[in-house]
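Engineer: So here's my_file_20.tsv (TSV, C-alpha atoms and all ligand atoms).
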chain	number	residue	atom	x	y	z
A	1	MET	CA	0.00	0.00	0.00
A	2	LEU	CA	1.15	3.52	-0.84
A	3	ARG	CA	0.58	5.94	2.01
A	4	LEU	CA	1.42	9.55	1.48
A	5	ASP	CA	0.95	12.69	3.55
A	6	VAL	CA	3.00	15.55	2.14
A	7	VAL	CA	3.27	19.28	1.58
A	8	LEU	CA	5.16	20.57	-1.43
A	9	SER	CA	5.09	24.21	-2.55
A	10	ARG	CA	6.25	25.18	-6.02
A	11	GLY	CA	5.69	28.80	-7.00
A	12	ARG	CA	2.01	29.53	-6.57
A	13	PHE	CA	1.05	25.86	-6.40
A	14	THR	CA	0.95	23.91	-3.18
A	15	LEU	CA	0.39	20.19	-2.98
A	16	ALA	CA	-0.95	19.37	0.47
A	17	ALA	CA	-2.17	15.85	-0.08
A	18	GLN	CA	-2.99	12.73	1.86
A	19	LEU	CA	-3.50	9.52	-0.04
A	20	GLU	CA	-3.85	5.86	0.88
A	21	ALA	CA	-3.75	3.71	-2.23
A	22	ASP	CA	-4.48	0.12	-1.25
A	23	ALA	CA	-6.58	-1.02	-4.22
A	24	PRO	CA	-5.11	-3.12	-7.05
A	25	VAL	CA	-5.58	0.03	-9.15
A	26	THR	CA	-6.29	3.49	-7.76
A	27	GLY	CA	-7.47	6.10	-10.25
A	28	LEU	CA	-6.33	9.67	-9.62
A	29	PHE	CA	-8.99	11.86	-11.17
A	30	GLY	CA	-8.93	15.63	-11.41
A	31	ARG	CA	-8.65	18.53	-13.80
A	32	SER	CA	-5.49	19.74	-15.46
A	33	GLY	CA	-3.15	21.47	-13.02
A	34	SER	CA	-4.78	19.95	-9.94
A	35	GLY	CA	-1.55	18.25	-8.88
A	36	LYS	CA	-1.91	14.64	-10.02
A	37	SER	CA	1.48	14.44	-11.71
A	38	THR	CA	3.16	16.19	-8.80
A	39	LEU	CA	1.68	13.61	-6.47
A	40	LEU	CA	3.08	10.79	-8.60
A	41	ALA	CA	6.46	12.54	-8.78
A	42	VAL	CA	6.54	12.69	-4.97
A	43	ALA	CA	5.77	8.97	-4.72
A	44	ALA	CA	8.40	8.13	-7.34
A	45	GLY	CA	11.06	10.28	-5.67
A	46	LEU	CA	11.29	12.79	-8.53
A	47	ALA	CA	9.97	15.68	-6.45
A	48	ARG	CA	10.92	16.33	-2.85
A	49	PRO	CA	8.23	17.65	-0.51
A	50	GLN	CA	9.07	20.25	2.11
A	51	ARG	CA	7.25	18.23	4.75
A	52	GLY	CA	5.62	14.90	5.26
A	53	ARG	CA	5.99	11.21	4.82
A	54	VAL	CA	5.72	8.64	2.04
A	55	GLU	CA	5.47	4.94	2.79
A	56	LEU	CA	5.23	1.94	0.48
A	57	ASP	CA	4.28	-1.48	1.86
A	58	GLY	CA	5.40	-0.34	5.30
A	59	GLU	CA	8.79	0.93	4.11
A	60	VAL	CA	9.48	4.63	4.65
A	61	LEU	CA	10.52	6.23	1.35
A	62	PHE	CA	10.44	9.78	2.63
A	63	ASP	CA	10.18	11.29	6.09
A	64	SER	CA	11.05	14.96	6.48
A	65	GLU	CA	11.25	14.73	10.27
A	66	ARG	CA	13.69	11.82	10.22
A	67	GLY	CA	15.62	13.19	7.24
A	68	ILE	CA	14.84	10.11	5.11
A	69	CYS	CA	14.59	10.53	1.34
A	70	LEU	CA	15.21	7.36	-0.63
A	71	PRO	CA	16.46	8.23	-4.14
A	72	ALA	CA	14.13	7.37	-7.01
A	73	HIS	CA	16.20	4.43	-8.26
A	74	ARG	CA	16.01	2.69	-4.86
A	75	ARG	CA	12.26	2.98	-4.44
A	76	ARG	CA	11.27	0.27	-6.91
A	77	VAL	CA	8.45	2.42	-8.16
A	78	GLY	CA	7.83	2.37	-11.93
A	79	LEU	CA	6.61	5.49	-13.70
A	80	VAL	CA	5.14	5.57	-17.20
A	81	PHE	CA	4.34	8.92	-18.82
A	82	GLN	CA	2.12	9.83	-21.74
A	83	ASP	CA	5.16	10.23	-23.99
A	84	SER	CA	6.92	6.92	-23.63
A	85	GLN	CA	10.39	8.50	-23.14
A	86	LEU	CA	12.21	5.62	-24.81
A	87	PHE	CA	15.87	5.92	-25.72
A	88	PRO	CA	15.76	6.72	-29.46
A	89	HIS	CA	19.19	5.25	-30.22
A	90	TYR	CA	18.38	1.88	-28.59
A	91	SER	CA	16.31	-0.85	-30.19
A	92	VAL	CA	13.20	-2.08	-28.40
A	93	ARG	CA	15.30	-4.92	-26.97
A	94	GLY	CA	17.89	-2.39	-25.80
A	95	ASN	CA	15.21	-0.28	-24.13
A	96	LEU	CA	13.77	-3.33	-22.38
A	97	LEU	CA	17.18	-4.54	-21.26
A	98	TYR	CA	17.84	-1.11	-19.81
A	99	GLY	CA	14.88	-1.82	-17.50
A	100	CYS	CA	16.52	-5.10	-16.45
A	101	ARG	CA	19.85	-3.48	-15.71
A	102	ARG	CA	18.49	-0.82	-13.41
A	103	PRO	CA	19.07	-1.33	-9.71
A	104	GLY	CA	16.25	-3.46	-8.38
A	105	GLY	CA	15.82	-5.10	-11.79
A	106	ASN	CA	16.28	-8.45	-10.16
A	107	GLY	CA	14.12	-10.56	-12.39
A	108	VAL	CA	10.80	-10.50	-10.53
A	109	PHE	CA	9.31	-10.43	-14.00
A	110	ARG	CA	11.25	-12.42	-16.58
A	111	PHE	CA	12.21	-10.79	-19.88
A	112	ASP	CA	10.46	-13.43	-22.02
A	113	ASP	CA	7.32	-13.30	-19.91
A	114	ILE	CA	7.02	-9.54	-20.25
A	115	VAL	CA	7.72	-9.75	-24.00
A	116	ASP	CA	4.89	-12.32	-24.23
A	117	LEU	CA	2.54	-10.41	-21.98
A	118	LEU	CA	2.88	-7.20	-23.99
A	119	GLU	CA	3.27	-8.99	-27.36
A	120	LEU	CA	6.59	-7.29	-28.07
A	121	ALA	CA	8.41	-10.15	-29.83
A	122	PRO	CA	7.85	-8.82	-33.38
A	123	LEU	CA	9.14	-5.40	-32.35
A	124	LEU	CA	12.35	-6.31	-30.56
A	125	GLN	CA	14.73	-5.21	-33.33
A	126	ALA	CA	12.89	-1.98	-34.17
A	127	ARG	CA	13.92	1.51	-33.08
A	128	PRO	CA	11.35	3.67	-31.24
A	129	ARG	CA	10.90	5.97	-34.27
A	130	GLN	CA	9.67	2.98	-36.27
A	131	LEU	CA	6.89	2.22	-33.77
A	132	SER	CA	3.35	3.54	-33.47
A	133	GLY	CA	2.45	5.54	-30.36
A	134	GLY	CA	0.66	2.53	-28.91
A	135	GLU	CA	3.61	0.22	-29.54
A	136	ARG	CA	5.94	2.73	-27.91
A	137	GLN	CA	3.72	2.77	-24.82
A	138	ARG	CA	3.80	-1.03	-24.66
A	139	VAL	CA	7.60	-0.91	-24.74
A	140	ALA	CA	7.62	1.77	-22.03
A	141	LEU	CA	5.39	-0.44	-19.89
A	142	GLY	CA	7.68	-3.41	-20.49
A	143	ARG	CA	10.76	-1.40	-19.59
A	144	SER	CA	9.15	-0.28	-16.36
A	145	LEU	CA	8.03	-3.77	-15.44
A	146	LEU	CA	11.48	-5.25	-16.04
A	147	ALA	CA	12.89	-2.92	-13.40
A	148	ALA	CA	10.86	-5.02	-10.92
A	149	PRO	CA	8.68	-2.29	-9.42
A	150	ARG	CA	6.54	-2.85	-6.35
A	151	LEU	CA	4.17	-0.20	-7.60
A	152	LEU	CA	3.46	1.13	-11.08
A	153	LEU	CA	2.54	4.79	-11.50
A	154	LEU	CA	0.88	5.64	-14.79
A	155	ASP	CA	0.67	9.32	-15.67
A	156	GLU	CA	-1.95	9.61	-18.41
A	157	PRO	CA	-0.33	6.81	-20.39
A	158	LEU	CA	-3.01	6.96	-23.10
A	159	ALA	CA	-3.34	10.72	-23.41
A	160	SER	CA	-1.24	11.06	-26.54
A	161	LEU	CA	-2.97	8.18	-28.36
A	162	ASP	CA	-6.02	8.36	-30.61
A	163	GLN	CA	-9.12	6.45	-29.62
A	164	GLY	CA	-8.30	3.36	-31.64
A	165	LEU	CA	-4.87	3.05	-30.04
A	166	LYS	CA	-6.25	3.66	-26.56
A	167	ALA	CA	-8.58	0.73	-27.04
A	168	GLN	CA	-5.60	-1.39	-28.13
A	169	ILE	CA	-3.47	-0.54	-25.09
A	170	LEU	CA	-6.13	-0.98	-22.42
A	171	PRO	CA	-6.20	-4.78	-22.60
A	172	PHE	CA	-2.46	-4.77	-21.88
A	173	LEU	CA	-2.96	-2.60	-18.81
A	174	LYS	CA	-5.68	-5.00	-17.69
A	175	ARG	CA	-3.29	-7.90	-18.17
A	176	ILE	CA	-0.70	-6.19	-15.98
A	177	LYS	CA	-3.37	-5.76	-13.33
A	178	ASP	CA	-4.84	-9.26	-13.59
A	179	GLU	CA	-1.83	-11.42	-14.43
A	180	LEU	CA	1.00	-9.69	-12.58
A	181	GLY	CA	-1.05	-8.41	-9.64
A	182	LEU	CA	1.12	-5.31	-9.57
A	183	PRO	CA	-0.56	-2.41	-7.75
A	184	MET	CA	-1.02	0.66	-9.90
A	185	VAL	CA	-1.91	4.30	-9.49
A	186	TYR	CA	-3.46	5.54	-12.70
A	187	VAL	CA	-3.75	9.25	-13.48
A	188	SER	CA	-6.26	10.57	-15.96
A	189	HIS	CA	-8.80	13.28	-16.43
A	190	SER	CA	-10.98	10.81	-18.27
A	191	LEU	CA	-13.32	8.97	-15.94
A	192	ALA	CA	-14.24	6.60	-18.76
A	193	GLU	CA	-10.61	5.59	-19.15
A	194	ILE	CA	-10.06	5.04	-15.45
A	195	LEU	CA	-13.19	2.92	-15.18
A	196	HIS	CA	-11.75	0.37	-17.59
A	197	LEU	CA	-9.25	-0.49	-14.87
A	198	THR	CA	-10.85	0.43	-11.57
A	199	ASP	CA	-13.73	2.12	-9.82
A	200	ARG	CA	-11.54	3.03	-6.82
A	201	LEU	CA	-10.83	6.72	-7.17
A	202	ALA	CA	-9.01	9.51	-5.43
A	203	LEU	CA	-10.31	12.91	-6.51
A	204	VAL	CA	-7.64	15.60	-6.77
A	205	ALA	CA	-8.40	19.33	-6.81
A	206	GLU	CA	-6.13	22.30	-6.15
A	207	GLY	CA	-3.31	20.23	-4.75
A	208	ARG	CA	-5.45	18.17	-2.36
A	209	VAL	CA	-7.03	14.74	-2.40
A	210	VAL	CA	-10.57	15.96	-1.77
A	211	ALA	CA	-12.33	12.58	-1.67
A	212	ALA	CA	-11.48	8.92	-2.16
A	213	GLY	CA	-13.34	5.66	-2.41
A	214	VAL	CA	-15.43	3.53	-4.73
A	215	LEU	CA	-17.12	5.55	-7.50
A	216	GLN	CA	-20.54	4.21	-6.46
A	217	ARG	CA	-20.14	5.73	-3.00
A	218	LEU	CA	-18.66	8.99	-4.31
A	219	VAL	CA	-21.65	9.35	-6.64
A	220	ALA	CA	-24.15	8.52	-3.86
A	221	GLU	CA	-22.55	11.10	-1.60
A	222	GLY	CA	-22.42	13.71	-4.39
A	223	ARG	CA	-18.64	14.02	-4.06
A	224	LEU	CA	-17.74	13.74	-7.73
A	225	ALA	CA	-18.25	17.47	-8.29
A	226	GLU	CA	-15.26	18.07	-6.01
A	227	ALA	CA	-12.93	16.87	-8.76
A	228	LYS	CA	-14.10	19.95	-10.72
A	229	VAL	CA	-14.11	17.98	-13.95
A	230	ALA	CA	-17.08	17.77	-16.31
A	231	VAL	CA	-18.97	14.56	-15.64
A	232	PRO	CA	-22.38	13.31	-16.77
A	233	GLU	CA	-25.23	14.71	-14.66
A	234	ASN	CA	-26.38	11.23	-13.68
A	235	ILE	CA	-23.98	8.38	-13.05
A	236	LEU	CA	-25.72	5.21	-11.96
A	237	ALA	CA	-24.00	2.14	-10.59
A	238	ALA	CA	-26.06	-0.69	-12.04
A	239	SER	CA	-25.95	-4.44	-11.70
A	240	VAL	CA	-26.68	-6.61	-14.74
A	241	VAL	CA	-29.88	-8.64	-14.29
A	242	GLY	CA	-30.13	-10.20	-17.75
A	243	HIS	CA	-30.58	-9.59	-21.44
A	244	ASP	CA	-33.58	-9.27	-23.71
A	245	PRO	CA	-32.16	-9.86	-27.19
A	246	GLU	CA	-35.55	-9.42	-28.86
A	247	GLY	CA	-36.04	-6.03	-27.28
A	248	GLY	CA	-32.38	-5.16	-27.85
A	249	CYS	CA	-31.97	-4.35	-24.16
A	250	THR	CA	-29.94	-5.32	-21.16
A	251	GLU	CA	-31.79	-5.17	-17.86
A	252	MET	CA	-29.96	-3.49	-15.01
A	253	ALA	CA	-30.88	-3.15	-11.36
A	254	VAL	CA	-30.36	0.27	-9.80
A	255	GLY	CA	-31.59	1.12	-6.33
A	256	GLY	CA	-34.36	-1.48	-6.36
A	257	GLN	CA	-35.54	-0.55	-9.86
A	258	VAL	CA	-34.89	-2.48	-13.05
A	259	LEU	CA	-33.85	-0.35	-16.02
A	260	ARG	CA	-33.81	-1.31	-19.67
A	261	VAL	CA	-30.65	0.00	-21.33
A	262	PRO	CA	-28.88	-0.64	-24.66
A	263	MET	CA	-27.89	-4.27	-24.93
A	264	GLN	CA	-24.33	-5.35	-24.24
A	265	ALA	CA	-24.64	-9.10	-24.49
A	266	GLN	CA	-21.12	-9.78	-23.23
A	267	ARG	CA	-21.95	-8.50	-19.75
A	268	ARG	CA	-22.59	-11.20	-17.17
A	269	ALA	CA	-25.41	-11.24	-14.63
A	270	GLY	CA	-24.34	-9.59	-11.39
A	271	GLU	CA	-21.62	-7.54	-13.07
A	272	THR	CA	-21.52	-3.84	-12.14
A	273	ALA	CA	-21.64	-1.26	-14.91
A	274	TYR	CA	-21.71	2.51	-14.65
A	275	LEU	CA	-24.38	4.23	-16.70
A	276	ALA	CA	-24.38	7.88	-17.73
A	277	LEU	CA	-27.62	9.73	-18.28
A	278	ALA	CA	-28.15	13.39	-19.16
A	279	ALA	CA	-30.62	15.22	-16.93
A	280	GLY	CA	-32.35	16.53	-20.06
A	281	ASP	CA	-33.10	12.94	-21.13
A	282	VAL	CA	-35.30	12.35	-18.08
A	283	ALA	CA	-38.90	13.40	-18.79
A	284	LEU	CA	-41.30	13.71	-15.85
A	285	ALA	CA	-44.98	12.91	-15.41
A	286	ARG	CA	-47.16	13.19	-12.31
A	287	HIS	CA	-49.02	9.95	-13.12
A	288	ALA	CA	-48.02	6.62	-14.58
A	289	VAL	CA	-48.21	6.84	-18.38
A	290	ALA	CA	-49.96	4.03	-20.25
A	291	GLY	CA	-49.32	3.04	-23.86
A	292	THR	CA	-45.90	4.59	-24.33
A	293	SER	CA	-42.93	3.42	-26.36
A	294	ILE	CA	-40.57	4.67	-23.66
A	295	GLN	CA	-39.05	1.62	-22.03
A	296	ASN	CA	-38.35	2.97	-18.55
A	297	GLN	CA	-40.92	4.43	-16.24
A	298	ILE	CA	-39.64	4.83	-12.71
A	299	GLY	CA	-41.56	6.12	-9.76
A	300	GLY	CA	-39.88	8.52	-7.35
A	301	ARG	CA	-40.26	11.53	-5.13
A	302	VAL	CA	-38.95	15.05	-5.71
A	303	VAL	CA	-36.30	15.95	-3.16
A	304	GLY	CA	-35.07	19.25	-4.60
A	305	VAL	CA	-35.97	21.88	-7.21
A	306	ARG	CA	-33.78	24.69	-8.40
A	307	GLU	CA	-33.02	26.83	-11.37
A	308	PHE	CA	-29.99	26.01	-13.49
A	309	ASN	CA	-28.98	27.86	-16.68
A	310	GLY	CA	-32.54	29.02	-17.37
A	311	ALA	CA	-34.09	25.56	-16.84
A	312	MET	CA	-35.18	23.70	-13.73
A	313	ARG	CA	-33.14	20.92	-12.21
A	314	ILE	CA	-35.30	18.42	-10.34
A	315	ALA	CA	-33.58	16.07	-7.90
A	316	ILE	CA	-35.53	12.86	-7.46
A	317	ASP	CA	-35.21	9.97	-5.07
A	318	ALA	CA	-36.09	6.99	-7.26
A	319	GLY	CA	-34.36	4.36	-5.16
A	320	ALA	CA	-31.18	5.89	-6.58
A	321	PRO	CA	-30.77	9.66	-6.88
A	322	LEU	CA	-31.78	10.96	-10.30
A	323	LEU	CA	-31.50	14.45	-11.73
A	324	ALA	CA	-34.02	15.62	-14.34
A	325	GLU	CA	-34.03	18.90	-16.24
A	326	VAL	CA	-37.31	20.44	-17.38
A	327	SER	CA	-38.39	23.88	-18.57
A	328	ARG	CA	-39.67	26.43	-16.08
A	329	HIS	CA	-43.04	26.18	-17.77
A	330	ALA	CA	-43.19	22.39	-17.28
A	331	CYS	CA	-42.06	22.74	-13.70
A	332	ALA	CA	-44.92	25.12	-12.94
A	333	GLU	CA	-47.45	23.16	-14.97
A	334	LEU	CA	-46.67	19.89	-13.21
A	335	ASP	CA	-46.39	21.65	-9.85
A	336	LEU	CA	-43.02	20.05	-9.19
A	337	ARG	CA	-42.05	20.74	-5.62
A	338	GLU	CA	-40.35	18.87	-2.83
A	339	GLY	CA	-42.31	15.78	-1.84
A	340	ALA	CA	-44.21	15.49	-5.15
A	341	GLN	CA	-44.66	11.98	-6.52
A	342	VAL	CA	-43.31	11.73	-10.09
A	343	TYR	CA	-42.66	9.18	-12.79
A	344	CYS	CA	-39.36	9.43	-14.67
A	345	LEU	CA	-39.67	8.49	-18.32
A	346	ILE	CA	-36.37	7.47	-19.89
A	347	LYS	CA	-35.70	5.94	-23.28
A	348	ALA	CA	-33.40	2.93	-23.17
A	349	ARG	CA	-31.02	4.56	-25.63
A	350	SER	CA	-30.60	7.62	-23.43
A	351	PHE	CA	-28.35	5.54	-21.20
A	352	HIS	CA	-24.67	5.33	-22.10
A	353	TYR	CA	-22.14	2.98	-20.62
A	354	LEU	CA	-19.63	5.24	-18.96
A	355	THR	CA	-16.69	3.16	-20.15
A	356	ASP	CA	-17.79	3.43	-23.78
A	357	GLY	CA	-17.07	7.08	-24.33
A	358	TRP	CA	-13.59	7.80	-25.53
A	359	ASP	CA	-13.94	11.40	-24.70
A	360	GLY	CA	-10.58	12.92	-25.38
A	361	GLY	CA	-9.93	13.22	-21.70
A	362	ASP	CA	-12.61	15.56	-20.45
A	363	GLY	CA	-14.46	12.88	-18.57
A	364	SER	CA	-17.71	13.47	-20.38
A	365	SER	CA	-17.92	9.97	-21.78
A	366	GLY	CA	-19.76	11.04	-24.89
A	367	ALA	CA	-22.85	11.81	-22.84
A	368	PRO	CA	-23.88	15.39	-22.23
A	369	SER	CA	-22.00	16.72	-19.29
A	370	SER	CA	-22.07	19.40	-16.67
A	371	GLN	CA	-19.45	21.15	-14.62
A	372	GLU	CA	-21.83	20.81	-11.77
A	373	ASN	CA	-22.65	17.26	-10.76
A	374	ASP	CA	-25.48	17.61	-8.39
A	375	ALA	CA	-27.20	14.28	-8.91
B	401	LIG	N1	8.49	22.46	-12.03
B	401	LIG	C1	7.45	23.21	-11.65
B	401	LIG	N2	7.65	24.44	-11.13
B	401	LIG	C2	6.61	25.21	-10.74
B	401	LIG	N3	5.33	24.83	-10.86
B	401	LIG	C3	5.08	23.64	-11.38
B	401	LIG	C4	6.12	22.76	-11.81
B	401	LIG	N4	5.55	21.63	-12.29
B	401	LIG	C5	4.22	21.80	-12.17
B	401	LIG	N5	3.93	22.98	-11.63
B	401	LIG	C6	2.60	23.52	-11.32
B	401	LIG	O1	2.03	22.66	-10.36
B	401	LIG	C7	0.62	22.54	-10.60
B	401	LIG	C8	0.24	21.08	-10.64
B	401	LIG	O2	0.80	20.50	-11.81
B	401	LIG	P1	0.61	18.97	-12.14
B	401	LIG	O3	1.38	18.69	-13.38
B	401	LIG	O4	0.92	18.16	-10.95
B	401	LIG	O5	-0.96	18.89	-12.41
B	401	LIG	P2	-1.78	17.72	-13.11
B	401	LIG	O6	-3.02	17.57	-12.33
B	401	LIG	O7	-0.95	16.52	-13.29
B	401	LIG	O8	-2.10	18.39	-14.51
B	401	LIG	P3	-2.27	17.66	-15.95
B	401	LIG	O9	-3.52	16.86	-15.84
B	401	LIG	O10	-2.41	18.82	-16.89
B	401	LIG	O11	-1.05	16.85	-16.21
B	401	LIG	C9	0.31	23.32	-11.85
B	401	LIG	O12	-0.23	24.54	-11.49
B	401	LIG	C10	1.66	23.48	-12.50
B	401	LIG	O13	1.68	24.66	-13.24
What's the structure tokens form of this structure?
Ligand SMILES: Nc1ncnc2c1ncn2[C@@H]1O[C@H](COP(=O)(O)OP(=O)(O)OP(=O)(O)O)[C@@H](O)[C@H]1O
Structural biologist:
Amino acid sequence: MLRLDVVLSRGRFTLAAQLEADAPVTGLFGRSGSGKSTLLAVAAGLARPQRGRVELDGEVLFDSERGICLPAHRRRVGLVFQDSQLFPHYSVRGNLLYGCRRPGGNGVFRFDDIVDLLELAPLLQARPRQLSGGERQRVALGRSLLAAPRLLLLDEPLASLDQGLKAQILPFLKRIKDELGLPMVYVSHSLAEILHLTDRLALVAEGRVVAAGVLQRLVAEGRLAEAKVAVPENILAASVVGHDPEGGCTEMAVGGQVLRVPMQAQRRAGETAYLALAAGDVALARHAVAGTSIQNQIGGRVVGVREFNGAMRIAIDAGAPLLAEVSRHACAELDLREGAQVYCLIKARSFHYLTDGWDGGDGSSGAPSSQENDA
């Protein structure tokens, strides 16, 4: 486990962060400039805090009071950046062997196994300039792994890749997680990207870890807004119930309700999936509606009403919290006020799987998004 409690001031920016990363993968999520990379640099030993303590698996890496500061090369912490930072004059094999030669590169992961895991065999003789961005990232991962890290820090490793390449690299990251069991801290400002690897998040804003935990809990407690990154207005943690191939839907349980959402036949019953839903895609009625083509009709109670950008945001307790957006006229017409019984009408195709949106890193997941996540 990585445990960190540090203060580092650099110009006008101060990192004053506490983090406990004990999950197989911890996602660091926050907007640009919030301090995610600085936090990784502190853990890796590339930036020295003025005060505090950093501990990995019980070993003290840094302790300002005791004057301990283990140099980066003795920490056995791997760091992979968005630009792979390979040595241009070495072949792929040379770059990988450099990983093996570094202090601590004591063969925890064998060369051939890593080459197999990351499917690098056909590339071994090539120079970095002859590789695609995705291939270069695979080599950078391999080089890091061969230095036998106890922890792998990934600083937006997919940020410089187009969507197709991102999708190609992710399975390799999953392999590292599943087959090597190496703990990772994964930095991104794309929630969709992080969710491919983990739903354990630490939210970073203005140099602090403002909240941490499982996404489901952070959503339920309304903490996601603290990351100050655009996220879909509704994020629902849903559990797969089954599939209806004829209706083209997958059925998902959320807060005691069963929702019909676009079918993803590969998902297994009981599996958790995160669904994004725009507030504007939730229509409201005061009575159950008969004879409608809309597949989801969910009863709930209004728990909050307020104006937002000229429309009305209606917070509803429907087993899970839901946010709807209606016009001021509709709000008055339906007499929507706290305590009112409502029915939420939602088309199946209004739901998006949060992991599906390759969103270029703004966390919006392809679904409409809001700076203000008040679901
Ligand atoms: N060497 C430095 N000297 C002074 N300030 C720095 C230095 N490096 C980073 N900063 C500042 O520290 C703050 C945090 O930067 P950091 O790179 O950690 O943020 P980040 O969350 O990783 O951002 P991004 O997502 O854009 O990579 C920023 O305001 C940045 O300008």
Engineer: In Å, with one decimal, what is the gap from atom O9 of ligand LIG 401 (chain B) to atom CA of Val187 of chain A?
Structural biologist: 8.0 Å
Engineer: Could you give me, as a tab-separated table, every chain A residue with an atom at most 7 Å from ligand LIG 401 (chain B), plus its closest atom pair and distance in Å to one decimal, counting only C-alpha atoms and all ligand atoms, rows ordered by chain then number?
Structural biologist:
residue	atom	partner	partner_atom	distance
A:Arg10	CA	B:LIG401	C2	4.7
A:Gly11	CA	B:LIG401	C2	5.3
A:Phe13	CA	B:LIG401	O1	5.2
A:Gly30	CA	B:LIG401	O6	6.3
A:Arg31	CA	B:LIG401	O9	5.8
A:Ser32	CA	B:LIG401	O9	3.5
A:Gly33	CA	B:LIG401	O5	3.4
A:Ser34	CA	B:LIG401	O6	3.8
A:Gly35	CA	B:LIG401	O4	3.2
A:Lys36	CA	B:LIG401	O7	3.9
A:Ser37	CA	B:LIG401	O7	3.6
A:Thr38	CA	B:LIG401	O4	3.7
A:Leu39	CA	B:LIG401	O4	6.4
A:Ser188	CA	B:LIG401	O9	6.9
A:His189	CA	B:LIG401	O9	6.4
A:Gly207	CA	B:LIG401	C8	6.9
Engineer: Here is a test: counting all atoms listed in the file, which residue of A:Pro262, A:Gly27, A:Gly222, A:Pro321 is nearest to Tyr353 of chain A?
Structural biologist: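 Closest candidate: A:Pro262.
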Engineer: Have a look at atom CA of Lys166 of chain A and atom CA of Lys228 of chain A and let me know their distance in Å, one decimal.
Structural biologist: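 Atom CA of Lys228 of chain A lies 24.0 Å from atom CA of Lys166 of chain A.
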Engineer: Hey, which bits of segment 182-293 of chain A sit within 12 Å of segment 40-61 of chain A, and for each residue what's the closest pair of atoms and how far apart in Å (one decimal), counting only C-alpha atoms, rows by chain and increasing number, as a tab-separated table?
Structural biologist:
residue	atom	partner	partner_atom	distance
A:Pro183	CA	A:Asp57	CA	10.8
A:Met184	CA	A:Leu40	CA	11.0
A:Val185	CA	A:Leu40	CA	8.2
A:Tyr186	CA	A:Leu40	CA	9.3
A:Val187	CA	A:Leu40	CA	8.5
A:Ser188	CA	A:Leu40	CA	11.9
A:Val204	CA	A:Leu40	CA	11.9
Engineer: Go ahead and find all residues with at least one atom no further than 12 Å from (4.5, 3.3, -15.7) in the file's coordinates, using all atoms listed in the file; report them as a ChimeraX atom specification.
Structural biologist: /A:40-41,44,76-85,99,137-158,173,176,182-187
Engineer: Just give me the gap between atom CA of Val240 of chain A and atom CA of Leu322 of chain A in Å, one decimal is fine.
Structural biologist: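 Separation between atom CA of Val240 of chain A and atom CA of Leu322 of chain A: 18.8 Å.
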Engineer: Using all atoms listed in the file, I'd like a table of the residues in segment 165-237 of chain A that come within 12 Å of segment 310-318 of chain A; for each, show the closest atom pair and its distance in Å rounded to one decimal, ordered by chain and ascending number, as JSON lines.
Structural biologist:
{"residue": "A:Ala220", "atom": "CA", "partner": "A:Asp317", "partner_atom": "CA", "distance": 11.2}
{"residue": "A:Gly222", "atom": "CA", "partner": "A:Ala315", "partner_atom": "CA", "distance": 11.9}
{"residue": "A:Glu233", "atom": "CA", "partner": "A:Arg313", "partner_atom": "CA", "distance": 10.4}
{"residue": "A:Asn234", "atom": "CA", "partner": "A:Ala315", "partner_atom": "CA", "distance": 10.4}
{"residue": "A:Leu236", "atom": "CA", "partner": "A:Ala318", "partner_atom": "CA", "distance": 11.5}
Engineer: Complete segment 347-356 of chain A with N, CA and C atoms (output as an mmCIF file, in the frame of the given file).
Structural biologist:
data_model
loop_
_atom_site.group_PDB
_atom_site.id
_atom_site.type_symbol
_atom_site.label_atom_id
_atom_site.label_comp_id
_atom_site.auth_asym_id
_atom_site.auth_seq_id
_atom_site.Cartn_x
_atom_site.Cartn_y
_atom_site.Cartn_z
ATOM 1 N N LYS A 347 -35.902 6.896 -22.178
ATOM 2 C CA LYS A 347 -35.700 5.940 -23.280
ATOM 3 C C LYS A 347 -34.481 5.075 -22.987
ATOM 4 N N ALA A 348 -34.539 3.841 -23.406
ATOM 5 C CA ALA A 348 -33.400 2.930 -23.170
ATOM 6 C C ALA A 348 -32.122 3.525 -23.759
ATOM 7 N N ARG A 349 -32.244 4.110 -24.964
ATOM 8 C CA ARG A 349 -31.020 4.560 -25.630
ATOM 9 C C ARG A 349 -30.465 5.865 -25.057
ATOM 10 N N SER A 350 -31.166 6.434 -24.084
ATOM 11 C CA SER A 350 -30.600 7.620 -23.430
ATOM 12 C C SER A 350 -29.483 7.246 -22.457
ATOM 13 N N PHE A 351 -29.432 5.976 -22.096
ATOM 14 C CA PHE A 351 -28.350 5.540 -21.200
ATOM 15 C C PHE A 351 -27.099 5.241 -22.015
ATOM 16 N N HIS A 352 -25.964 5.638 -21.481
ATOM 17 C CA HIS A 352 -24.670 5.330 -22.100
ATOM 18 C C HIS A 352 -23.827 4.598 -21.077
ATOM 19 N N TYR A 353 -23.099 3.615 -21.538
ATOM 20 C CA TYR A 353 -22.140 2.980 -20.620
ATOM 21 C C TYR A 353 -20.974 3.936 -20.455
ATOM 22 N N LEU A 354 -20.647 4.224 -19.224
ATOM 23 C CA LEU A 354 -19.630 5.240 -18.960
ATOM 24 C C LEU A 354 -18.275 4.863 -19.577
ATOM 25 N N THR A 355 -17.986 3.587 -19.607
ATOM 26 C CA THR A 355 -16.690 3.160 -20.150
ATOM 27 C C THR A 355 -16.640 3.257 -21.668
ATOM 28 N N ASP A 356 -17.781 3.445 -22.318
ATOM 29 C CA ASP A 356 -17.790 3.430 -23.780
ATOM 30 C C ASP A 356 -17.275 4.702 -24.405
#
